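**Q** The structure file model_3.csv (CSV, C-alpha atoms) is provided below.
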chain,number,residue,atom,x,y,z
M,234,MET,CA,-16.2,-6.6,11.3
M,235,MET,CA,-12.9,-6.9,9.4
M,236,GLN,CA,-11.6,-3.7,11.0
M,237,CYS,CA,-12.3,-5.2,14.4
M,238,ILE,CA,-10.2,-8.2,13.5
M,239,TYR,CA,-7.3,-5.9,12.6
M,240,ASP,CA,-7.7,-3.9,15.8
M,241,ALA,CA,-7.7,-7.1,17.8
M,242,VAL,CA,-4.6,-8.4,16.1
M,243,HIS,CA,-2.8,-5.1,16.7
M,244,LYS,CA,-4.0,-5.1,20.3
M,245,ARG,CA,-6.0,-1.9,20.0
M,246,ILE,CA,-9.0,-3.6,21.6
M,247,GLU,CA,-8.5,-3.9,25.4
M,248,GLY,CA,-8.7,-7.5,26.5
M,249,ALA,CA,-8.5,-8.9,23.0
M,250,TYR,CA,-6.2,-11.7,24.3
M,251,SER,CA,-6.3,-13.3,27.7
M,252,SER,CA,-2.6,-14.3,27.8
M,253,GLU,CA,0.6,-12.9,26.4
M,254,ASP,CA,1.7,-16.2,24.8
M,255,GLN,CA,-0.9,-15.9,22.1
M,256,GLU,CA,0.5,-13.8,19.3
M,257,VAL,CA,-0.9,-13.3,15.9
M,258,VAL,CA,1.8,-13.5,13.3
M,259,GLN,CA,-0.2,-12.8,10.2
M,260,ILE,CA,-3.8,-12.5,8.9
M,261,ASN,CA,-4.3,-14.7,5.9
M,262,VAL,CA,-7.5,-15.9,4.0
M,263,GLU,CA,-7.4,-18.7,1.5
M,264,ASP,CA,-9.5,-18.3,-1.7
M,265,PRO,CA,-11.3,-15.1,-0.7
M,266,ALA,CA,-14.3,-13.7,-2.7
M,267,PRO,CA,-13.6,-10.6,-4.9
M,268,GLY,CA,-15.7,-8.4,-2.5
M,269,PHE,CA,-13.6,-9.6,0.4
M,270,VAL,CA,-10.3,-8.9,-1.5
M,271,ALA,CA,-11.5,-5.3,-2.2
M,272,LEU,CA,-12.4,-4.8,1.4
M,273,ARG,CA,-9.1,-6.3,2.6
M,274,ASN,CA,-7.1,-4.1,0.2
M,275,LYS,CA,-8.9,-1.0,1.5
M,276,ILE,CA,-8.3,-1.8,5.1
M,277,ASP,CA,-4.7,-2.8,4.5
M,278,TRP,CA,-4.1,0.5,2.6
M,279,LYS,CA,-5.7,2.5,5.5
M,280,LEU,CA,-3.7,0.6,8.1
M,281,LEU,CA,-0.4,1.4,6.3
M,282,LYS,CA,-1.4,5.0,5.6
M,283,ASP,CA,-2.2,5.5,9.3
M,284,HIS,CA,1.1,3.8,10.3
M,285,PRO,CA,3.9,5.1,8.1
M,286,GLU,CA,6.4,3.9,10.6
M,287,TYR,CA,5.9,0.3,9.3
M,288,TRP,CA,7.6,1.3,6.0
M,289,PRO,CA,11.4,1.3,5.7
M,290,GLY,CA,13.1,4.7,5.4
M,291,THR,CA,13.8,4.2,1.6
M,292,HIS,CA,10.0,4.0,0.9
M,293,LYS,CA,9.4,7.3,2.6
M,294,LYS,CA,12.1,9.2,0.7
M,295,VAL,CA,10.7,8.7,-2.9
M,296,ASN,CA,7.6,10.8,-3.1
M,297,ASN,CA,8.1,12.6,-6.4
M,298,ILE,CA,5.9,10.9,-9.1
M,299,PHE,CA,8.2,12.3,-11.8
M,300,ASP,CA,11.2,10.4,-10.4
M,301,GLU,CA,11.8,7.0,-12.1
M,302,ALA,CA,12.5,5.5,-8.6
M,303,PHE,CA,9.0,6.3,-7.6
M,304,PHE,CA,7.7,3.4,-9.8
M,305,ALA,CA,10.2,0.9,-8.5
M,306,SER,CA,8.6,-1.9,-6.6
M,307,ILE,CA,9.8,-2.7,-3.1
M,308,SER,CA,12.1,-5.6,-2.5
M,309,GLU,CA,10.8,-8.9,-1.2
M,310,ALA,CA,12.9,-8.4,2.0
M,311,GLU,CA,11.3,-5.0,2.6
M,312,ALA,CA,7.8,-6.5,1.9
M,313,ILE,CA,8.5,-9.3,4.5
M,314,GLN,CA,9.7,-6.7,7.0
M,315,VAL,CA,6.7,-4.4,6.6
M,316,GLY,CA,4.4,-7.5,6.5
M,317,ALA,CA,5.7,-8.6,9.9
M,318,ASN,CA,5.1,-5.1,11.3
M,319,ALA,CA,1.6,-4.9,9.9
M,320,LYS,CA,0.8,-8.6,10.4
M,321,ILE,CA,-0.3,-9.1,6.8
M,322,THR,CA,1.2,-11.0,3.9
M,323,PRO,CA,4.1,-9.7,1.8
M,324,HIS,CA,1.8,-10.1,-1.2
M,325,GLN,CA,-0.6,-7.6,0.4
M,326,ILE,CA,2.3,-5.2,1.1
M,327,HIS,CA,3.0,-5.1,-2.6
M,328,ILE,CA,-0.6,-4.4,-3.4
M,329,VAL,CA,-0.8,-1.6,-0.8
M,330,ASN,CA,2.4,-0.1,-2.2
M,331,GLU,CA,0.8,0.0,-5.7
M,332,LEU,CA,-2.4,1.5,-4.2
M,333,GLN,CA,-0.4,4.2,-2.5
M,334,LYS,CA,1.4,5.0,-5.8
M,335,LEU,CA,-1.9,5.1,-7.6
M,336,GLU,CA,-3.3,7.5,-5.1
M,337,ALA,CA,-0.2,9.8,-5.5
M,338,LEU,CA,-0.7,9.6,-9.3
M,339,HIS,CA,-4.4,10.6,-9.0
M,340,SER,CA,-3.5,13.4,-6.6
M,341,ALA,CA,-0.9,14.8,-9.0
M,342,ALA,CA,-3.4,14.6,-11.8
M,343,ASP,CA,-6.0,16.4,-9.8
M,344,ASN,CA,-3.5,19.1,-8.8
M,345,ASP,CA,-2.5,19.4,-12.4
M,346,LYS,CA,-6.1,20.1,-13.4
M,347,ASN,CA,-6.4,22.7,-10.7
M,348,ASP,CA,-3.1,24.2,-11.6
M,349,ASP,CA,-3.9,24.7,-15.3
M,350,ASN,CA,-1.5,27.6,-16.0
M,351,GLY,CA,-0.7,26.6,-19.6
M,352,THR,CA,2.5,24.8,-18.9
M,353,THR,CA,3.2,21.2,-19.6
M,354,SER,CA,5.1,18.8,-17.3
M,355,VAL,CA,8.2,17.1,-18.5
M,356,VAL,CA,6.5,13.7,-18.2
M,357,SER,CA,3.0,13.3,-19.6
M,358,LYS,CA,0.1,11.8,-17.7
M,359,GLU,CA,0.1,8.9,-20.2
M,360,GLU,CA,3.8,8.2,-19.5
M,361,LEU,CA,3.2,8.1,-15.7
M,362,GLU,CA,0.2,5.8,-16.2
M,363,ARG,CA,2.4,3.5,-18.4
M,364,ARG,CA,5.0,3.4,-15.7
M,365,TYR,CA,2.4,2.5,-13.1
M,366,ARG,CA,1.0,-0.3,-15.3
M,367,LEU,CA,4.5,-1.7,-15.7
M,368,LEU,CA,5.0,-1.6,-11.9
M,369,VAL,CA,1.8,-3.7,-11.5
M,370,LYS,CA,2.7,-6.0,-14.5
M,371,ARG,CA,6.1,-6.8,-13.0
M,372,ARG,CA,4.5,-7.9,-9.8
M,373,LEU,CA,2.0,-10.2,-11.6
Starting from the file, lay out its structure as structure tokens.
**A**
Amino acid sequence: MMQCIYDAVHKRIEGAYSSEDQEVVQINVEDPAPGFVALRNKIDWKLLKDHPEYWPGTHKKVNNIFDEAFFASISEAEAIQVGANAKITPHQIHIVNELQKLEALHSAADNDKNDDNGTTSVVSKEELERRYRLLVKRRL
């Protein structure tokens, strides 16, 4: 059901609105249940994964998890811009940004397991996880 709301807001459902003067600016839920928060985070993550054009160019350039800039949070102005494009709150944009970084961290860890050729990376897995925790802690 929640995916249908997102599709209607982004006008992917034909006939979702009867007039052009009705425009959804943002989807917001006050005091949501934990299960709803988890579902919303997953749908927001999928929305922004499927639409990378919502992100500013600087976000797309840093994709090396060993780079210190990878763990920098996005600015509030960027979060507002992406939130306006995706029609979700800037707070949710920060959460999705963290989820994308966590996914990249896990992908790199899985590739490292599959690539077990006896070499060690310059930055340990524990150090990368520490950087990620600090990213989340700074937001909180």
**Q** List as a ChimeraX atom specification the residues having at least one atom at most 10 Å from position (1.5, -8.7, -5.7) as given in the file, counting all atoms listed in the file.
**A** /M:306,322-331,369-373
**Q** Of the candidates M:Lys358, M:His292, M:Lys275, M:Lys320, which shows the shortest atom-to-atom distance to Asp240 (chain M), using all atoms listed in the file?
**A** M:Lys320
**Q** Given only C-alpha atoms as the basis, pick out the residue of M:Ile298, M:Leu272, M:Ala305, M:Ile321 nearest to His339 (chain M).
**A**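 Of M:Ile298, M:Leu272, M:Ala305, M:Ile321, the one nearest His339 (chain M) is M:Ile298, counting only C-alpha atoms.
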**Q** Please compute the CA of Ala302 (chain M)-CA of Asp283 (chain M) distance, one decimal, in Å.
**A**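 Pair CA of Ala302 (chain M) / CA of Asp283 (chain M) returns 23.2 Å.
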**Q** May I ask for the distance between CA of Trp278 (chain M) and CA of Ala319 (chain M), given in Å to one decimal place?
**A** 10.7 Å
**Q** Between CA of Asn297 (chain M) and CA of Arg273 (chain M), what distance in Å does the model show, to one decimal?
**A**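 A separation of 27.1 Å between them.
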**Q** With only C-alpha atoms as the atoms that count, which of M:Val356, M:Ile313, M:Leu280, M:Ile238 lies nearest to Gln333 (chain M)?
**A**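 Smallest separation from Gln333 (chain M) among the options: M:Leu280.
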**Q** From the list M:Ala271, M:Leu361, M:Met235, M:Ala317, which residue is nearest Leu335 (chain M) when using all atoms listed in the file?
**A** M:Leu361
